[in-house]
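Listing of work.cif, mmCIF, N, CA and C atoms
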data_protein
#
loop_
_atom_site.label_atom_id
_atom_site.label_comp_id
_atom_site.auth_asym_id
_atom_site.auth_seq_id
_atom_site.Cartn_x
_atom_site.Cartn_y
_atom_site.Cartn_z
N MET A 1 -29.42 170.25 44.76
CA MET A 1 -29.98 169.56 43.61
C MET A 1 -31.40 169.10 43.93
N LYS A 2 -32.27 169.29 43.00
CA LYS A 2 -33.66 168.88 43.17
C LYS A 2 -33.90 167.61 42.34
N PHE A 3 -34.49 166.62 42.98
CA PHE A 3 -34.82 165.37 42.32
C PHE A 3 -36.22 165.46 41.73
N LYS A 4 -36.43 164.71 40.67
CA LYS A 4 -37.76 164.61 40.07
C LYS A 4 -38.44 163.38 40.66
N VAL A 5 -39.67 163.54 41.14
CA VAL A 5 -40.42 162.44 41.74
C VAL A 5 -41.38 161.87 40.71
N ILE A 6 -41.22 160.58 40.43
CA ILE A 6 -42.08 159.87 39.49
C ILE A 6 -42.88 158.83 40.27
N VAL A 7 -44.20 158.85 40.12
CA VAL A 7 -45.07 157.92 40.84
C VAL A 7 -45.56 156.86 39.85
N SER A 8 -45.35 155.58 40.21
CA SER A 8 -45.78 154.49 39.32
C SER A 8 -47.30 154.46 39.20
N ASN A 9 -47.78 153.81 38.17
CA ASN A 9 -49.23 153.70 37.95
C ASN A 9 -49.92 152.99 39.11
N GLU A 10 -49.29 151.94 39.62
CA GLU A 10 -49.85 151.18 40.74
C GLU A 10 -49.96 152.06 41.99
N ALA A 11 -48.91 152.83 42.27
CA ALA A 11 -48.93 153.72 43.43
C ALA A 11 -49.97 154.82 43.25
N ARG A 12 -50.10 155.33 42.03
CA ARG A 12 -51.08 156.37 41.74
C ARG A 12 -52.51 155.84 41.95
N LYS A 13 -52.73 154.60 41.52
CA LYS A 13 -54.04 153.97 41.68
C LYS A 13 -54.38 153.79 43.16
N ASN A 14 -53.41 153.36 43.96
CA ASN A 14 -53.63 153.18 45.40
C ASN A 14 -53.83 154.52 46.10
N PHE A 15 -53.13 155.55 45.62
CA PHE A 15 -53.24 156.88 46.21
C PHE A 15 -54.67 157.42 46.08
N ARG A 16 -55.31 157.13 44.96
CA ARG A 16 -56.68 157.61 44.74
C ARG A 16 -57.67 157.04 45.75
N LYS A 17 -57.37 155.87 46.31
CA LYS A 17 -58.27 155.20 47.25
C LYS A 17 -58.12 155.70 48.69
N ILE A 18 -57.10 156.50 48.95
CA ILE A 18 -56.81 156.97 50.31
C ILE A 18 -57.72 158.14 50.65
N PRO A 19 -58.24 158.20 51.89
CA PRO A 19 -59.08 159.32 52.31
C PRO A 19 -58.36 160.67 52.20
N GLN A 20 -59.12 161.71 51.92
CA GLN A 20 -58.58 163.04 51.63
C GLN A 20 -57.60 163.59 52.68
N PRO A 21 -57.89 163.53 53.97
CA PRO A 21 -56.91 164.12 54.92
C PRO A 21 -55.52 163.49 54.82
N TRP A 22 -55.46 162.19 54.54
CA TRP A 22 -54.16 161.52 54.42
C TRP A 22 -53.49 161.86 53.10
N LYS A 23 -54.28 162.10 52.06
CA LYS A 23 -53.70 162.46 50.76
C LYS A 23 -52.86 163.72 50.87
N LYS A 24 -53.33 164.69 51.66
CA LYS A 24 -52.59 165.94 51.82
C LYS A 24 -51.24 165.68 52.48
N LYS A 25 -51.23 164.84 53.53
CA LYS A 25 -49.98 164.54 54.22
C LYS A 25 -49.02 163.78 53.32
N ILE A 26 -49.55 162.81 52.58
CA ILE A 26 -48.71 162.03 51.68
C ILE A 26 -48.14 162.93 50.58
N SER A 27 -48.95 163.82 50.03
CA SER A 27 -48.48 164.76 49.00
C SER A 27 -47.38 165.66 49.53
N LEU A 28 -47.50 166.07 50.78
CA LEU A 28 -46.46 166.89 51.40
C LEU A 28 -45.13 166.14 51.46
N TYR A 29 -45.17 164.87 51.84
CA TYR A 29 -43.95 164.07 51.89
C TYR A 29 -43.38 163.82 50.50
N LEU A 30 -44.24 163.65 49.50
CA LEU A 30 -43.75 163.47 48.13
C LEU A 30 -43.02 164.73 47.66
N ASP A 31 -43.53 165.91 48.03
CA ASP A 31 -42.85 167.15 47.69
C ASP A 31 -41.51 167.26 48.42
N MET A 32 -41.48 166.85 49.68
CA MET A 32 -40.24 166.90 50.46
C MET A 32 -39.17 165.98 49.87
N LEU A 33 -39.60 164.87 49.28
CA LEU A 33 -38.65 163.92 48.69
C LEU A 33 -37.80 164.56 47.59
N SER A 34 -38.37 165.48 46.85
CA SER A 34 -37.62 166.09 45.74
C SER A 34 -36.43 166.89 46.25
N PHE A 35 -36.50 167.36 47.50
CA PHE A 35 -35.39 168.13 48.07
C PHE A 35 -34.45 167.28 48.91
N ASP A 36 -34.99 166.26 49.59
CA ASP A 36 -34.16 165.40 50.43
C ASP A 36 -34.64 163.95 50.30
N PRO A 37 -34.07 163.19 49.37
CA PRO A 37 -34.53 161.82 49.15
C PRO A 37 -34.19 160.85 50.27
N HIS A 38 -33.37 161.26 51.21
CA HIS A 38 -32.94 160.36 52.27
C HIS A 38 -33.73 160.55 53.57
N ILE A 39 -34.92 161.13 53.49
CA ILE A 39 -35.74 161.30 54.70
C ILE A 39 -36.37 159.98 55.12
N GLY A 40 -36.41 159.03 54.21
CA GLY A 40 -37.00 157.73 54.52
C GLY A 40 -36.01 156.77 55.14
N LYS A 41 -36.52 155.64 55.57
CA LYS A 41 -35.72 154.60 56.19
C LYS A 41 -35.31 153.59 55.12
N LYS A 42 -34.04 153.20 55.12
CA LYS A 42 -33.56 152.20 54.17
C LYS A 42 -34.14 150.84 54.55
N LEU A 43 -34.65 150.13 53.54
CA LEU A 43 -35.28 148.84 53.79
C LEU A 43 -34.31 147.69 53.57
N GLU A 44 -34.69 146.52 54.03
CA GLU A 44 -33.87 145.32 53.90
C GLU A 44 -34.68 144.23 53.21
N GLY A 45 -34.07 143.07 53.03
CA GLY A 45 -34.76 141.94 52.43
C GLY A 45 -35.00 142.15 50.95
N ARG A 46 -36.17 141.79 50.50
CA ARG A 46 -36.44 141.91 49.05
C ARG A 46 -36.58 143.36 48.60
N TYR A 47 -36.70 144.28 49.53
CA TYR A 47 -36.75 145.71 49.22
C TYR A 47 -35.43 146.39 49.58
N LYS A 48 -34.32 145.68 49.48
CA LYS A 48 -33.05 146.20 50.00
C LYS A 48 -32.54 147.45 49.28
N ASN A 49 -32.99 147.75 48.10
CA ASN A 49 -32.56 148.96 47.39
C ASN A 49 -33.61 150.06 47.47
N CYS A 50 -34.56 149.91 48.39
CA CYS A 50 -35.66 150.86 48.51
C CYS A 50 -35.62 151.58 49.85
N TYR A 51 -36.43 152.63 49.92
CA TYR A 51 -36.61 153.40 51.14
C TYR A 51 -38.09 153.48 51.44
N SER A 52 -38.42 153.74 52.70
CA SER A 52 -39.81 153.83 53.11
C SER A 52 -40.01 155.05 54.00
N ILE A 53 -41.11 155.74 53.77
CA ILE A 53 -41.51 156.85 54.64
C ILE A 53 -42.82 156.44 55.29
N ARG A 54 -42.90 156.60 56.59
CA ARG A 54 -44.11 156.26 57.32
C ARG A 54 -44.96 157.52 57.48
N VAL A 55 -46.15 157.48 56.89
CA VAL A 55 -47.16 158.52 57.06
C VAL A 55 -48.35 157.77 57.65
N TRP A 56 -48.32 157.59 58.97
CA TRP A 56 -49.21 156.66 59.64
C TRP A 56 -50.65 156.85 59.22
N PRO A 57 -51.35 155.81 58.80
CA PRO A 57 -51.04 154.38 58.77
C PRO A 57 -50.54 153.91 57.40
N TYR A 58 -50.06 154.83 56.58
CA TYR A 58 -49.64 154.50 55.22
C TYR A 58 -48.12 154.51 55.09
N ARG A 59 -47.65 153.90 53.99
CA ARG A 59 -46.23 153.87 53.68
C ARG A 59 -46.02 154.33 52.25
N ILE A 60 -44.91 155.04 52.04
CA ILE A 60 -44.47 155.40 50.69
C ILE A 60 -43.17 154.64 50.48
N ILE A 61 -43.14 153.76 49.51
CA ILE A 61 -41.93 152.99 49.21
C ILE A 61 -41.36 153.51 47.89
N TYR A 62 -40.06 153.82 47.90
CA TYR A 62 -39.46 154.45 46.72
C TYR A 62 -38.00 154.03 46.54
N THR A 63 -37.51 154.26 45.34
CA THR A 63 -36.09 154.04 45.03
C THR A 63 -35.48 155.37 44.61
N ILE A 64 -34.18 155.46 44.75
CA ILE A 64 -33.45 156.68 44.38
C ILE A 64 -32.50 156.34 43.23
N LYS A 65 -32.61 157.10 42.15
CA LYS A 65 -31.68 156.98 41.03
C LYS A 65 -30.83 158.25 41.03
N ARG A 66 -29.69 158.16 41.68
CA ARG A 66 -28.86 159.35 41.91
C ARG A 66 -28.32 159.97 40.62
N LYS A 67 -27.88 159.14 39.69
CA LYS A 67 -27.29 159.67 38.45
C LYS A 67 -28.29 160.47 37.63
N GLU A 68 -29.54 160.00 37.62
CA GLU A 68 -30.58 160.67 36.83
C GLU A 68 -31.34 161.72 37.65
N LEU A 69 -31.06 161.79 38.97
CA LEU A 69 -31.78 162.68 39.89
C LEU A 69 -33.28 162.41 39.87
N ILE A 70 -33.62 161.12 40.01
CA ILE A 70 -35.01 160.68 39.97
C ILE A 70 -35.35 159.88 41.22
N ILE A 71 -36.51 160.16 41.78
CA ILE A 71 -37.09 159.36 42.85
C ILE A 71 -38.27 158.62 42.22
N GLU A 72 -38.26 157.30 42.28
CA GLU A 72 -39.36 156.53 41.72
C GLU A 72 -40.18 155.93 42.86
N VAL A 73 -41.40 156.38 43.00
CA VAL A 73 -42.31 155.87 44.02
C VAL A 73 -42.94 154.61 43.46
N ILE A 74 -42.68 153.48 44.12
CA ILE A 74 -43.19 152.22 43.60
C ILE A 74 -44.45 151.75 44.32
N GLU A 75 -44.71 152.26 45.52
CA GLU A 75 -45.90 151.84 46.25
C GLU A 75 -46.32 152.90 47.26
N ILE A 76 -47.62 153.11 47.34
CA ILE A 76 -48.23 153.93 48.39
C ILE A 76 -49.40 153.11 48.90
N GLY A 77 -49.38 152.81 50.18
CA GLY A 77 -50.48 152.02 50.73
C GLY A 77 -50.34 151.80 52.21
N SER A 78 -51.32 151.10 52.77
CA SER A 78 -51.27 150.80 54.19
C SER A 78 -50.10 149.86 54.46
N ARG A 79 -49.65 149.84 55.69
CA ARG A 79 -48.46 149.08 56.04
C ARG A 79 -48.58 147.61 55.63
N GLY A 80 -49.67 146.99 55.94
CA GLY A 80 -49.86 145.58 55.62
C GLY A 80 -49.90 145.30 54.13
N ARG A 81 -50.38 146.24 53.39
CA ARG A 81 -50.54 146.06 51.94
C ARG A 81 -49.29 146.46 51.16
N ALA A 82 -48.60 147.48 51.61
CA ALA A 82 -47.47 148.04 50.86
C ALA A 82 -46.32 147.06 50.71
N TYR A 83 -46.09 146.23 51.71
CA TYR A 83 -44.94 145.33 51.68
C TYR A 83 -45.26 143.95 51.11
N LYS A 84 -46.48 143.73 50.65
CA LYS A 84 -46.87 142.40 50.18
C LYS A 84 -46.58 142.13 48.71
N LYS A 85 -46.04 143.07 48.00
CA LYS A 85 -45.77 142.86 46.57
C LYS A 85 -44.66 141.89 46.36
#
Take the structure in this file and express it as structure tokens.
Amino acid sequence: MKFKVIVSNEARKNFRKIPQPWKKKISLYLDMLSFDPHIGKKLEGRYKNCYSIRVWPYRIIYTIKRKELIIEVIEIGSRGRAYKK
């Protein structure tokens, strides 16, 4: 089953600010998410229903909606910034 990856407006805005070499790596991971949504690490605390993928020095934070086959990317940003929401 292939999941549909949806990127929030906030994550899309932050993605535009990232330097080009990192954008390619992040885009690659976003494509990989559609085939295997569990490649990320399950988070705890206030992000307990989310997952995170580390693309050093950036993070992709997302949720999985299994019934709808949707991955919702809620944040893309540097480590210090991504978890501050």
Would you return as a PyMOL selection string the members of segment 8-79 of chain A that DSSP assigns to helix (DSSP H, G or I) on this structure's backbone? chain A and resi 9-16+20-33+37-39+45-47+79
Selection dump of the PyMOL selection byres ((chain A and resi 54-60) around 8), as an MDAnalysis selection string: chainID A and resid 22 25:26 39:41 51:53 61:63 73:80 82:83
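For the pair atom N of Pro37 of chain A and atom N of Phe3 of chain A, the separation is 7.3 Å.
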Hey, could you pull the box centre and edge lengths for segment 44-63 of chain A, axis-aligned, 6 Å padding per side, all listed atoms, to one decimal in Å, as JSON?
{"center_x": -41.9, "center_y": 150.2, "center_z": 52.1, "size_x": 30.8, "size_y": 28.7, "size_z": 27.0}
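The space between atom N of Lys42 of chain A and atom CA of Gln20 of chain A spans 26.7 Å.
Going from atom CA of Arg16 of chain A to atom CA of Glu72 of chain A covers 17.6 Å.
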Would you give me, as a list of chain:residue names, the residues in chain A that DSSP reads as strand (DSSP E or B)?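 Across chain A, those assigned strand (DSSP E or B) are A:Lys4, A:Val5, A:Ile6, A:Val7, A:Lys41, A:Lys42, A:Tyr51, A:Ser52, A:Ile53, A:Arg54, A:Val55, A:Tyr58, A:Arg59, A:Ile60, A:Ile61, A:Tyr62, A:Thr63, A:Ile64, A:Lys65, A:Ile70, A:Ile71, A:Glu72, A:Val73, A:Ile74, A:Glu75, A:Ile76, A:Gly77, A:Ser78.
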Residues returned when the PyMOL selection byres ((chain A and resi 1) around 8) runs on this file, as a VMD selection string: chain A and resid 2 to 4 34 to 36 69
Keeping only N, CA and C atoms, write the selected residues to a file as a short mmCIF file (atom, residue, chain, number, x, y, z; two decimals), in the frame of the given file.
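Heads up, here's the output in out-v3.cif:
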data_model
loop_
_atom_site.label_atom_id
_atom_site.label_comp_id
_atom_site.auth_asym_id
_atom_site.auth_seq_id
_atom_site.Cartn_x
_atom_site.Cartn_y
_atom_site.Cartn_z
N LYS A 2 -32.27 169.29 43.00
CA LYS A 2 -33.66 168.88 43.17
C LYS A 2 -33.90 167.61 42.34
N PHE A 3 -34.49 166.62 42.98
CA PHE A 3 -34.82 165.37 42.32
C PHE A 3 -36.22 165.46 41.73
N LYS A 4 -36.43 164.71 40.67
CA LYS A 4 -37.76 164.61 40.07
C LYS A 4 -38.44 163.38 40.66
N SER A 34 -38.37 165.48 46.85
CA SER A 34 -37.62 166.09 45.74
C SER A 34 -36.43 166.89 46.25
N PHE A 35 -36.50 167.36 47.50
CA PHE A 35 -35.39 168.13 48.07
C PHE A 35 -34.45 167.28 48.91
N ASP A 36 -34.99 166.26 49.59
CA ASP A 36 -34.16 165.40 50.43
C ASP A 36 -34.64 163.95 50.30
N LEU A 69 -31.06 161.79 38.97
CA LEU A 69 -31.78 162.68 39.89
C LEU A 69 -33.28 162.41 39.87
#
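Of the listed residues A:Ile18, A:Leu30, A:Cys50, A:Ala11, the one whose atoms come nearest to Ile64 of chain A is A:Cys50, with distances taken using all atoms listed in the file.
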Pick from A:Ile71, A:Phe15, A:Tyr47, A:Arg66, whichever lies nearest to Leu33 of chain A using only N, CA and C atoms: A:Ile71
